[in-house]
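Colleague: Hey, dropping work_26.txt in here, compact mmCIF, C-alpha atoms:
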# COMPACT_ATOMS: atom_id res chain seq x y z
CA MET A 1 101.20 60.42 86.71
CA ALA A 2 98.84 61.89 89.32
CA ASP A 3 101.83 62.82 91.47
CA SER A 4 103.41 64.58 88.53
CA ILE A 5 100.23 66.58 87.81
CA LEU A 6 99.83 67.47 91.47
CA SER A 7 103.42 68.67 91.81
CA ALA A 8 103.06 70.69 88.60
CA LEU A 9 99.90 72.28 90.01
CA GLY A 10 101.73 72.86 93.28
CA ALA A 11 104.43 74.76 91.40
CA LEU A 12 101.74 77.02 89.92
CA PHE A 13 100.47 77.87 93.39
CA GLU A 14 103.92 78.31 94.91
CA GLY A 15 103.42 82.07 94.94
CA VAL A 16 100.10 81.81 96.76
CA ARG A 17 101.68 79.49 99.33
CA PHE A 18 104.54 81.95 99.84
CA LEU A 19 102.08 84.81 100.24
CA PHE A 20 100.25 83.03 103.05
CA ALA A 21 103.39 81.76 104.74
CA HIS A 22 105.76 84.78 104.61
CA GLY A 23 104.02 87.39 102.51
CA GLY A 24 102.89 89.91 105.15
CA PRO A 25 105.45 92.60 104.24
CA ASN A 26 104.86 91.96 100.53
CA VAL A 27 101.10 92.44 100.89
CA ILE A 28 101.65 95.72 102.74
CA MET A 29 104.04 96.95 100.05
CA ILE A 30 101.62 95.92 97.28
CA ALA A 31 99.01 98.02 99.09
CA VAL A 32 101.53 100.89 99.31
CA ALA A 33 102.17 100.53 95.56
CA CYS A 34 98.42 100.70 94.90
CA VAL A 35 98.12 103.85 97.04
CA MET A 36 101.01 105.44 95.12
CA LEU A 37 99.37 104.50 91.81
CA TRP A 38 96.11 106.04 93.00
CA LEU A 39 97.91 109.22 94.12
CA ALA A 40 99.70 109.49 90.78
CA ILE A 41 96.61 108.86 88.67
CA SER A 42 93.75 110.38 90.64
CA LYS A 43 95.51 113.16 92.54
CA GLY A 44 98.26 113.99 90.05
CA VAL A 45 100.97 113.64 92.71
CA GLU A 46 104.27 113.69 90.77
CA PRO A 47 102.87 111.10 88.31
CA LEU A 48 105.98 111.08 86.12
CA LEU A 49 107.96 109.51 88.91
CA LEU A 50 105.44 108.10 91.32
CA LEU A 51 103.82 105.90 88.66
CA PRO A 52 106.99 104.00 87.61
CA ILE A 53 108.19 103.87 91.24
CA ALA A 54 104.86 102.36 92.29
CA PHE A 55 104.92 99.85 89.45
CA GLY A 56 108.49 98.87 90.29
CA CYS A 57 107.39 98.43 93.90
CA LEU A 58 104.50 96.25 92.77
CA LEU A 59 106.75 94.09 90.59
CA VAL A 60 109.35 93.49 93.27
CA ASN A 61 106.80 92.60 95.95
CA LEU A 62 104.81 90.03 94.03
CA PRO A 63 105.55 86.64 95.59
CA LEU A 64 108.71 84.92 94.35
CA SER A 65 109.45 87.85 92.07
CA GLU A 66 112.97 87.75 90.67
CA VAL A 67 112.95 91.16 89.00
CA MET A 68 115.61 92.40 91.44
CA GLY A 69 117.55 89.13 91.42
CA ALA A 70 120.71 88.62 89.38
CA GLY A 71 119.80 89.31 85.74
CA GLY A 72 116.30 90.51 86.62
CA ILE A 73 114.93 93.47 84.66
CA LEU A 74 114.84 95.90 87.58
CA ARG A 75 118.28 94.80 88.78
CA THR A 76 119.62 95.40 85.27
CA LEU A 77 118.05 98.87 85.19
CA TYR A 78 119.42 99.57 88.68
CA ASP A 79 122.96 98.49 87.81
CA PHE A 80 122.82 100.34 84.50
CA GLY A 81 121.89 103.74 85.83
CA ILE A 82 121.38 103.99 89.57
CA ALA A 83 124.44 102.19 90.88
CA ASN A 84 126.63 104.62 88.91
CA GLU A 85 124.32 107.68 89.36
CA LEU A 86 123.73 107.99 85.60
CA TYR A 87 119.93 108.50 85.67
CA PRO A 88 119.80 111.38 88.18
CA LEU A 89 122.53 113.15 86.24
CA LEU A 90 120.72 112.69 82.91
CA ILE A 91 117.58 114.08 84.55
CA PHE A 92 119.64 117.04 85.71
CA VAL A 93 120.64 117.79 82.11
CA GLY A 94 116.91 117.87 81.31
CA ILE A 95 116.14 120.10 84.30
CA GLY A 96 118.84 122.52 83.15
CA SER A 97 117.27 122.62 79.68
CA MET A 98 113.86 123.36 81.16
CA THR A 99 115.02 126.11 83.53
CA ASP A 100 114.95 129.80 82.67
CA PHE A 101 117.52 131.62 84.79
CA SER A 102 116.74 135.09 83.39
CA PRO A 103 114.56 136.19 86.39
CA LEU A 104 117.51 135.33 88.64
CA LEU A 105 119.99 137.19 86.44
CA SER A 106 117.78 140.27 86.39
CA ASN A 107 117.92 140.33 90.22
CA PRO A 108 120.90 138.23 91.40
CA ARG A 109 120.28 139.00 95.08
CA LEU A 110 117.34 136.57 94.92
CA LEU A 111 119.98 133.82 94.92
CA LEU A 112 120.35 134.40 98.67
CA PHE A 113 116.84 133.01 99.17
CA GLY A 114 118.18 129.87 97.53
CA ALA A 115 120.76 129.66 100.30
CA ALA A 116 118.30 130.30 103.13
CA GLY A 117 116.00 127.65 101.65
CA GLN A 118 118.62 124.99 102.42
CA LEU A 119 118.53 125.50 106.18
CA GLY A 120 116.37 122.38 106.52
CA ILE A 121 119.15 120.21 105.14
CA PHE A 122 121.59 121.04 107.89
CA ILE A 123 119.12 121.12 110.80
CA THR A 124 117.72 117.76 109.66
CA LEU A 125 121.24 116.38 109.54
CA LEU A 126 121.64 117.24 113.23
CA LEU A 127 118.25 115.71 114.09
CA ALA A 128 119.01 112.52 112.16
CA LEU A 129 122.30 112.13 113.98
CA ALA A 130 120.52 112.68 117.31
CA LEU A 131 118.02 109.95 116.36
CA GLY A 132 120.85 107.47 115.92
CA PHE A 133 121.40 107.44 112.16
CA SER A 134 124.99 106.94 111.02
CA LYS A 135 126.78 109.94 109.49
CA GLU A 136 126.17 108.74 105.92
CA GLU A 137 122.53 107.89 106.62
CA ALA A 138 122.01 111.28 108.27
CA VAL A 139 123.49 113.11 105.26
CA SER A 140 121.25 111.09 102.92
CA VAL A 141 118.13 111.87 104.96
CA ALA A 142 119.11 115.53 105.22
CA ALA A 143 119.39 115.70 101.43
CA ILE A 144 115.56 115.47 101.29
CA GLY A 145 115.74 119.10 102.40
CA ALA A 146 117.22 119.85 98.99
CA CYS A 147 113.64 119.31 97.73
CA ASP A 148 115.18 117.72 94.72
CA GLY A 149 114.72 114.01 93.91
CA PRO A 150 117.79 113.51 91.70
CA THR A 151 120.06 115.12 94.32
CA VAL A 152 118.70 112.82 97.03
CA ILE A 153 119.21 109.76 94.84
CA PHE A 154 122.69 110.91 93.80
CA VAL A 155 123.85 111.45 97.38
CA SER A 156 122.21 108.40 98.96
CA ASN A 157 123.19 106.06 96.18
CA MET A 158 126.81 107.13 96.48
CA PHE A 159 126.73 105.86 100.07
CA ALA A 160 124.78 102.73 99.10
CA GLY A 161 127.53 101.97 96.58
CA MET A 162 130.06 102.17 99.41
CA ASN A 163 127.84 99.87 101.54
CA LYS A 164 127.49 102.68 104.09
CA ILE A 165 123.68 102.74 103.90
CA PRO A 166 121.22 99.94 103.00
CA THR A 167 120.08 99.91 99.36
CA ALA A 168 116.44 99.84 100.49
CA MET A 169 117.00 103.22 102.11
CA VAL A 170 117.60 104.78 98.68
CA GLY A 171 114.04 103.83 97.72
CA ALA A 172 112.58 105.22 100.94
CA LEU A 173 114.52 108.46 100.51
CA ALA A 174 113.48 108.86 96.89
CA VAL A 175 109.81 108.25 97.62
CA ALA A 176 109.93 110.64 100.58
CA ALA A 177 111.66 113.32 98.50
CA TYR A 178 109.23 113.12 95.60
CA SER A 179 106.19 112.85 97.87
CA TYR A 180 107.13 115.96 99.82
CA MET A 181 107.97 117.85 96.61
CA ALA A 182 104.45 117.10 95.47
CA LEU A 183 103.10 118.16 98.85
CA VAL A 184 104.79 121.57 98.78
CA PRO A 185 101.42 123.28 98.03
CA VAL A 186 100.03 121.67 101.19
CA ILE A 187 103.07 122.15 103.43
CA GLN A 188 104.09 125.73 102.62
CA PRO A 189 100.97 127.95 102.83
CA PRO A 190 100.27 127.41 106.56
CA ILE A 191 103.92 128.18 107.34
CA MET A 192 103.79 131.29 105.15
CA ARG A 193 100.72 132.57 106.99
CA LEU A 194 102.06 131.64 110.40
CA LEU A 195 105.37 133.46 109.99
CA THR A 196 104.23 136.63 108.21
CA THR A 197 101.86 139.44 109.10
CA ARG A 198 99.06 140.50 106.77
CA LYS A 199 100.91 143.76 106.15
CA GLU A 200 104.02 141.85 105.02
CA ARG A 201 102.03 139.53 102.76
CA GLU A 202 100.38 142.50 101.06
CA VAL A 203 103.65 144.16 100.06
CA LYS A 204 103.68 144.91 96.34
CA MET A 205 106.99 144.44 94.61
CA PRO A 206 107.73 146.29 91.37
CA SER A 207 108.47 144.25 88.25
CA PRO A 208 112.13 143.24 87.85
CA LYS A 209 114.20 145.79 85.97
CA GLY A 210 115.16 145.31 82.37
CA LYS A 211 116.06 142.35 80.23
CA VAL A 212 119.13 140.17 80.41
CA SER A 213 121.43 139.96 77.39
CA ARG A 214 121.94 136.69 75.57
CA ALA A 215 125.68 136.92 76.23
CA ALA A 216 125.06 137.07 79.99
CA LEU A 217 122.70 134.10 79.78
CA ILE A 218 125.33 132.12 77.88
CA ALA A 219 128.17 133.07 80.22
CA PHE A 220 126.10 132.28 83.34
CA PRO A 221 126.18 128.44 83.25
CA VAL A 222 129.89 128.38 82.39
CA VAL A 223 130.81 130.78 85.20
CA VAL A 224 128.58 129.03 87.77
CA THR A 225 130.02 125.62 86.85
CA ALA A 226 133.58 126.89 87.13
CA ILE A 227 133.13 128.74 90.43
CA THR A 228 131.11 126.05 92.20
CA GLY A 229 133.32 123.29 90.79
CA ILE A 230 136.39 124.94 92.28
CA ILE A 231 134.71 125.43 95.68
CA ALA A 232 133.03 122.02 95.95
CA PRO A 233 134.43 119.61 93.36
CA GLN A 234 132.49 116.64 94.80
CA GLY A 235 129.30 118.22 93.49
CA LEU A 236 130.63 118.94 90.03
CA PRO A 237 128.63 116.13 88.35
CA LEU A 238 125.39 117.63 89.72
CA MET A 239 126.10 121.27 88.95
CA GLY A 240 127.91 120.45 85.72
CA MET A 241 124.97 118.51 84.29
CA ILE A 242 122.29 121.07 85.22
CA MET A 243 124.42 123.85 83.75
CA LEU A 244 125.21 121.80 80.63
CA GLY A 245 121.49 121.44 79.97
CA ASN A 246 120.97 125.16 80.45
CA PHE A 247 124.00 126.04 78.34
CA MET A 248 122.70 123.97 75.43
CA LYS A 249 119.36 125.75 75.69
CA VAL A 250 120.61 129.33 75.91
CA SER A 251 123.39 128.91 73.36
CA GLY A 252 120.68 128.36 70.76
CA VAL A 253 123.02 126.44 68.46
CA VAL A 254 122.06 122.89 69.48
CA PRO A 255 118.26 122.94 69.68
CA ARG A 256 118.11 119.23 68.87
CA LEU A 257 120.31 118.33 71.83
CA ALA A 258 118.47 120.72 74.13
CA ASN A 259 115.11 119.34 73.06
CA ALA A 260 116.29 115.75 73.40
CA SER A 261 117.65 116.47 76.90
CA GLU A 262 114.41 118.11 77.93
CA ASN A 263 112.19 115.44 76.43
CA GLU A 264 113.41 112.02 75.27
CA ILE A 265 116.51 111.67 77.46
CA ALA A 266 114.85 113.04 80.60
CA ASN A 267 111.76 110.89 79.97
CA ILE A 268 113.71 107.67 79.46
CA ALA A 269 115.93 108.37 82.47
CA THR A 270 112.85 109.16 84.56
CA LEU A 271 111.14 105.92 83.59
CA PHE A 272 114.20 103.77 84.26
CA LEU A 273 115.00 105.61 87.48
CA GLY A 274 111.44 105.26 88.77
CA LEU A 275 111.25 101.55 88.02
CA ALA A 276 114.67 100.83 89.51
CA ILE A 277 113.92 102.86 92.65
CA GLY A 278 110.61 101.03 93.00
CA GLY A 279 112.62 97.82 92.74
CA THR A 280 114.50 98.70 95.93
CA MET A 281 111.21 98.81 97.89
CA SER A 282 111.05 95.15 98.79
CA GLY A 283 108.77 94.67 101.80
CA SER A 284 111.25 92.74 103.91
CA GLN A 285 113.81 95.56 103.65
CA PHE A 286 111.58 98.64 103.28
CA LEU A 287 109.22 98.21 106.23
CA THR A 288 111.50 99.34 108.99
CA ARG A 289 111.45 101.90 111.77
CA GLU A 290 114.12 103.83 109.83
CA THR A 291 111.77 104.24 106.86
CA LEU A 292 109.16 105.87 109.09
CA MET A 293 111.82 108.15 110.55
CA VAL A 294 113.00 109.05 107.04
CA PHE A 295 109.48 110.23 106.17
CA GLY A 296 109.18 112.18 109.43
CA LEU A 297 112.56 113.86 108.99
CA GLY A 298 111.79 114.65 105.35
CA LEU A 299 108.75 116.63 106.44
CA VAL A 300 110.85 118.45 109.04
CA ALA A 301 113.48 119.26 106.40
CA ILE A 302 111.05 120.86 103.97
CA THR A 303 109.28 122.74 106.76
CA ILE A 304 112.57 124.23 108.00
CA ASP A 305 113.59 125.10 104.43
CA THR A 306 110.42 127.17 104.13
CA VAL A 307 110.98 128.75 107.54
CA GLY A 308 114.58 129.65 106.57
CA GLY A 309 113.49 131.31 103.33
CA ILE A 310 110.68 133.28 104.96
CA LEU A 311 112.87 134.42 107.86
CA LEU A 312 115.42 135.79 105.39
CA GLY A 313 112.50 137.45 103.61
CA LYS A 314 111.44 139.09 106.86
CA ILE A 315 114.97 140.34 107.52
CA TRP A 316 115.07 141.70 103.97
CA TYR A 317 111.67 143.30 104.49
CA LEU A 318 113.00 145.17 107.52
CA LEU A 319 116.28 146.16 105.87
CA SER A 320 114.55 147.40 102.72
CA GLY A 321 112.04 149.47 104.64
CA GLY A 322 109.13 147.21 103.70
CA LYS A 323 109.85 146.91 99.96
CA VAL A 324 110.43 143.14 99.86
CA ASN A 325 107.55 140.71 100.34
CA PRO A 326 108.79 137.96 102.71
CA LEU A 327 106.62 135.39 100.93
CA VAL A 328 109.18 135.37 98.10
CA GLY A 329 111.58 133.65 100.51
CA ALA A 330 109.38 130.55 100.53
CA ALA A 331 110.28 130.03 96.87
CA GLY A 332 113.95 129.57 97.74
CA ILE A 333 113.61 125.79 97.50
CA SER A 334 114.26 123.55 94.54
CA ALA A 335 110.67 122.53 93.74
CA TYR A 336 110.57 124.41 90.42
CA PRO A 337 108.31 126.07 89.34
CA MET A 338 105.75 124.88 91.89
CA ALA A 339 107.13 126.92 94.81
CA ALA A 340 107.22 130.11 92.71
CA ARG A 341 103.63 129.65 91.54
CA LEU A 342 102.58 129.05 95.11
CA VAL A 343 104.14 132.34 96.23
CA GLN A 344 102.37 134.16 93.39
CA HIS A 345 99.06 132.54 94.38
CA GLU A 346 99.54 133.32 98.07
CA GLY A 347 100.59 136.92 97.32
CA GLN A 348 97.49 137.52 95.19
CA ARG A 349 95.30 136.01 97.85
CA TRP A 350 96.18 138.92 100.13
CA ASN A 351 96.60 141.63 97.52
CA LYS A 352 94.90 141.13 94.15
CA HIS A 353 97.24 143.63 92.48
CA ASN A 354 100.36 141.80 93.60
CA TYR A 355 102.52 140.06 90.98
CA LEU A 356 105.33 138.25 92.75
CA LEU A 357 105.85 135.58 90.09
CA MET A 358 109.05 136.87 88.47
CA HIS A 359 110.68 137.54 91.85
CA ALA A 360 109.58 134.11 93.07
CA MET A 361 110.90 132.49 89.87
CA GLY A 362 114.27 134.11 90.55
CA ALA A 363 114.26 132.82 94.12
CA ASN A 364 113.09 129.40 92.92
CA THR A 365 115.91 129.02 90.36
CA GLY A 366 118.19 130.28 93.13
CA GLY A 367 116.81 127.40 95.20
CA GLN A 368 117.79 124.96 92.47
CA ILE A 369 121.35 126.23 92.46
CA GLY A 370 121.32 126.44 96.27
CA SER A 371 120.19 122.86 96.73
CA VAL A 372 122.84 121.50 94.40
CA MET A 373 125.44 123.72 96.03
CA ALA A 374 124.46 122.57 99.53
CA ALA A 375 124.72 118.92 98.46
CA ALA A 376 128.06 119.61 96.76
CA ILE A 377 129.41 121.33 99.87
CA MET A 378 128.20 118.47 102.10
CA LEU A 379 129.96 115.90 99.92
CA SER A 380 133.14 117.95 99.81
CA LEU A 381 133.05 118.39 103.59
CA LEU A 382 132.56 114.65 104.06
CA LYS A 383 135.62 114.03 101.94
CA GLY A 384 137.57 116.70 103.80
CA LEU A 385 136.57 115.19 107.17
CA GLY A 386 137.60 111.73 105.98
CA VAL A 387 134.07 110.27 106.25
CA ILE A 388 134.09 109.19 102.58
CA MET B 1 134.85 112.54 115.44
CA ASN B 2 131.66 112.09 117.42
CA ASN B 3 128.23 112.72 115.94
CA LEU B 4 127.64 116.02 117.74
CA THR B 5 130.93 117.52 116.55
CA PHE B 6 130.26 116.21 113.06
CA GLY B 7 126.73 117.63 112.99
CA ILE B 8 127.72 121.05 114.29
CA THR B 9 130.65 121.21 111.86
CA MET B 10 128.36 120.35 108.96
CA LEU B 11 125.77 122.91 110.11
CA VAL B 12 128.23 125.76 110.54
CA VAL B 13 130.56 125.08 107.62
CA GLY B 14 127.89 123.60 105.34
CA MET B 15 125.26 126.29 105.79
CA GLY B 16 127.89 129.00 106.04
CA GLY B 17 129.66 127.68 102.94
CA THR B 18 126.41 127.52 100.97
CA LEU B 19 125.50 131.07 101.98
CA ALA B 20 129.00 132.39 101.25
CA THR B 21 129.19 130.64 97.88
CA LEU B 22 125.81 131.91 96.78
CA PHE B 23 126.67 135.41 97.98
CA LEU B 24 129.84 135.23 95.86
CA LEU B 25 127.70 134.09 92.94
CA THR B 26 125.33 137.06 93.34
CA LEU B 27 128.31 139.39 93.01
CA ILE B 28 129.63 137.51 90.00
CA ILE B 29 126.23 137.40 88.31
CA GLY B 30 125.82 141.13 88.96
CA ALA B 31 129.19 141.74 87.31
CA LEU B 32 128.27 139.43 84.45
CA VAL B 33 125.04 141.28 83.73
CA ALA B 34 126.86 144.61 83.90
CA PHE B 35 129.63 143.33 81.63
CA PHE B 36 127.18 142.03 79.03
CA PRO B 37 124.45 144.68 78.90
CA VAL B 38 121.44 144.40 76.62
CA ARG B 39 122.17 146.03 73.29
CA PRO B 40 119.41 147.90 71.47
CA THR B 41 118.22 145.72 68.61
CA GLY B 42 116.54 148.17 66.26
CA LYS B 43 117.47 151.61 64.91
CA GLU B 44 115.70 154.55 66.44
CA ASP B 45 112.92 156.12 64.40
CA LYS B 46 113.86 159.33 62.76
Translate the structure described by the file into structure tokens.

Modeller:
Amino acid sequence: MADSILSALGALFEGVRFLFAHGGPNVIMIAVACVMLWLAISKGVEPLLLLPIAFGCLLVNLPLSEVMGAGGILRTLYDFGIANELYPLLIFVGIGSMTDFSPLLSNPRLLLFGAAGQLGIFITLLLALALGFSKEEAVSVAAIGACDGPTVIFVSNMFAGMNKIPTAMVGALAVAAYSYMALVPVIQPPIMRLLTTRKEREVKMPSPKGKVSRAALIAFPVVVTAITGIIAPQGLPLMGMIMLGNFMKVSGVVPRLANASENEIANIATLFLGLAIGGTMSGSQFLTRETLMVFGLGLVAITIDTVGGILLGKIWYLLSGGKVNPLVGAAGISAYPMAARLVQHEGQRWNKHNYLLMHAMGANTGGQIGSVMAAAIMLSLLKGLGVI
Amino acid sequence: MNNLTFGITMLVVGMGGTLATLFLLTLIIGALVAFFPVRPTGKEDK
């Protein structure tokens, strides 16, 4: 009888025993989860995603946790929507519904900032290869430069599904991508000030000309989907979903679907995606040298994105005879609308009568299209080169 | 294909392709906006 009670008690403390015997990595990851929870709650760092990711991380790292084992809740969520890339694509439909492309349509040239803002992707790809990452790993790390969580998850998970990169790397990439997106207001301003003169920062830009017709707004997502789909078919799910969301919004005939995409569907997908990504952050697989390098390269990627956008802004400033404020180039990344607001704030800091917001919004939506396009082109090139 | 060749190819064709595609889109969007101009909504006051 006593033996039976003792062994039953022993079973209750199995987790504690595991923690002391092999739980070092788990304890570190639980601490990481707590830091992420604190950042999400106290500092407002991307709470919509960081909170479920952190909680998923906490759940998977508790001793003897089986949430990512066969039939476990996080494994089920992962298989249901990450393994087949469903969640990032559903979130993209929501992003499309939330995005207003009219500032871009009123000045289409701003789209070029969205191209320059992807420079970090390709430079980071080279750096990652030089650091010894495999081709697929390097492309996944470089995707952080897209400044766009769902794109990073879509690309990296495609390779994880082919067993070309470790599943734990998807979690590291997602956390890095969302962390750096949240840190855009910290990362960008010093680069903006470093690369521009006071005279350039003070340039006032006139308000964008005229309105855009509803017909043009409706035709835009269809045309963009068709053109980009023909050029880079591998990225069609990404571009197709973002444009579907926008099409539903601007068509005005399916407000229920547009609202559901923007709210309920995007919220549910975000929750499930966050938890499942957190589930990949098991201490034994997450705490590696590669994870640290992923975070370092992610920072490099976003820094170079900003540099690329501002350099194009400076070229434009020279070509236009000083009529374009180079700060607008910094908004050519996908962090929408944070990057645009930052440009407006920075512009007003140097010239109180400066209103760069609409131009920056145009560049920022251009950055969204640019980031998806860059990812689509990378995937199509990989297929063309026989890597996938 | 070694890593250096792969990386340079991706940089040149990837960045170039992104820039070229978005430049093409700027032209198409410009044409789209010109093709579907804003129509005046109300009648002019007499």

Colleague: Please compute the atom CA of Ala363 of chain A-atom CA of Ile227 of chain A distance, one decimal, in Å.

Modeller: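 So the answer is 19.7 Å.
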
Colleague: Go through A:Pro103, A:Gly313, A:Gly171, A:Gly96 and flag the residue nearest Val33 of chain B, using only C-alpha atoms for the distances.

Modeller: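 Among the listed residues, A:Pro103 lies closest to Val33 of chain B.
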
Colleague: Sorted by chain and rising residue number, list the residues of chain B at most 12 Å from segment 232-252 of chain A (counting only C-alpha atoms), each with its closest atom pair and distance in Å to one decimal, as CSV.

Modeller:
residue,atom,partner,partner_atom,distance
B:Gly14,CA,A:Ala232,CA,10.8
B:Gly17,CA,A:Ala232,CA,9.6
B:Thr18,CA,A:Ala232,CA,10.0
B:Thr21,CA,A:Ala232,CA,9.6

Colleague: Which of these, A:Val139, A:Val343, A:Met192, A:Met98, has the shortest distance to chain B once you count all atoms listed in the file?

Modeller: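 Using all atoms listed in the file, the shortest distance to chain B belongs to A:Val139.
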
Colleague: If we count only C-alpha atoms, which residues of chain A reach to within 9 Å of chain B? Please list them as JSON, numbers by chain.

Modeller: {"A": [104, 105, 106, 107, 108, 109, 110, 111, 112, 114, 115, 116, 118, 119, 121, 122, 123, 125, 126, 127, 129, 130, 134, 135, 210, 211, 212, 213, 214, 215, 216, 217, 219, 220, 223, 224, 227, 228, 231, 366, 369, 370, 371, 373, 374, 375, 377, 378, 381, 382, 385]}

Colleague: Could you tell me how far atom CA of Pro185 of chain A sits from atom CA of Thr197 of chain A, in Å to one decimal place?

Modeller: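 One can read the atom CA of Thr197 of chain A to atom CA of Pro185 of chain A distance as 19.6 Å.
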
Colleague: Any chance you could model N, CA and C atoms for segment 225-241 of chain A and send them as a PDB file, in the frame of the given file?

Modeller:
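To be explicit, this is the file written out as rebuild.pdb:
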ATOM      1  N   THR A 225     129.371 126.942  86.799  1.00  0.00           N
ATOM      2  CA  THR A 225     130.020 125.620  86.850  1.00  0.00           C
ATOM      3  C   THR A 225     131.464 125.763  87.339  1.00  0.00           C
ATOM      4  N   ALA A 226     132.167 126.735  86.780  1.00  0.00           N
ATOM      5  CA  ALA A 226     133.580 126.890  87.130  1.00  0.00           C
ATOM      6  C   ALA A 226     133.742 127.276  88.608  1.00  0.00           C
ATOM      7  N   ILE A 227     132.975 128.258  89.042  1.00  0.00           N
ATOM      8  CA  ILE A 227     133.130 128.740  90.430  1.00  0.00           C
ATOM      9  C   ILE A 227     132.749 127.640  91.432  1.00  0.00           C
ATOM     10  N   THR A 228     131.575 127.045  91.235  1.00  0.00           N
ATOM     11  CA  THR A 228     131.110 126.050  92.200  1.00  0.00           C
ATOM     12  C   THR A 228     131.973 124.781  92.131  1.00  0.00           C
ATOM     13  N   GLY A 229     132.459 124.471  90.949  1.00  0.00           N
ATOM     14  CA  GLY A 229     133.320 123.290  90.790  1.00  0.00           C
ATOM     15  C   GLY A 229     134.625 123.457  91.539  1.00  0.00           C
ATOM     16  N   ILE A 230     135.138 124.684  91.560  1.00  0.00           N
ATOM     17  CA  ILE A 230     136.390 124.940  92.280  1.00  0.00           C
ATOM     18  C   ILE A 230     136.141 124.865  93.796  1.00  0.00           C
ATOM     19  N   ILE A 231     134.996 125.410  94.231  1.00  0.00           N
ATOM     20  CA  ILE A 231     134.710 125.430  95.680  1.00  0.00           C
ATOM     21  C   ILE A 231     134.349 124.042  96.203  1.00  0.00           C
ATOM     22  N   ALA A 232     133.500 123.335  95.473  1.00  0.00           N
ATOM     23  CA  ALA A 232     133.030 122.020  95.950  1.00  0.00           C
ATOM     24  C   ALA A 232     133.092 121.003  94.815  1.00  0.00           C
ATOM     25  N   PRO A 233     134.285 120.498  94.523  1.00  0.00           N
ATOM     26  CA  PRO A 233     134.430 119.610  93.360  1.00  0.00           C
ATOM     27  C   PRO A 233     133.609 118.318  93.453  1.00  0.00           C
ATOM     28  N   GLN A 234     133.275 117.885  94.678  1.00  0.00           N
ATOM     29  CA  GLN A 234     132.490 116.640  94.800  1.00  0.00           C
ATOM     30  C   GLN A 234     131.116 116.775  94.179  1.00  0.00           C
ATOM     31  N   GLY A 235     130.633 118.013  94.061  1.00  0.00           N
ATOM     32  CA  GLY A 235     129.300 118.220  93.490  1.00  0.00           C
ATOM     33  C   GLY A 235     129.325 118.588  92.030  1.00  0.00           C
ATOM     34  N   LEU A 236     130.502 118.514  91.431  1.00  0.00           N
ATOM     35  CA  LEU A 236     130.630 118.940  90.030  1.00  0.00           C
ATOM     36  C   LEU A 236     129.722 118.162  89.073  1.00  0.00           C
ATOM     37  N   PRO A 237     129.557 116.823  89.262  1.00  0.00           N
ATOM     38  CA  PRO A 237     128.630 116.130  88.350  1.00  0.00           C
ATOM     39  C   PRO A 237     127.230 116.743  88.388  1.00  0.00           C
ATOM     40  N   LEU A 238     126.741 117.079  89.597  1.00  0.00           N
ATOM     41  CA  LEU A 238     125.390 117.630  89.720  1.00  0.00           C
ATOM     42  C   LEU A 238     125.298 119.002  89.058  1.00  0.00           C
ATOM     43  N   MET A 239     126.158 119.912  89.485  1.00  0.00           N
ATOM     44  CA  MET A 239     126.100 121.270  88.950  1.00  0.00           C
ATOM     45  C   MET A 239     126.468 121.286  87.470  1.00  0.00           C
ATOM     46  N   GLY A 240     127.466 120.486  87.119  1.00  0.00           N
ATOM     47  CA  GLY A 240     127.910 120.450  85.720  1.00  0.00           C
ATOM     48  C   GLY A 240     126.796 120.021  84.783  1.00  0.00           C
ATOM     49  N   MET A 241     126.021 119.023  85.178  1.00  0.00           N
ATOM     50  CA  MET A 241     124.970 118.510  84.290  1.00  0.00           C
ATOM     51  C   MET A 241     123.811 119.489  84.167  1.00  0.00           C
TER      52      MET A 241
END
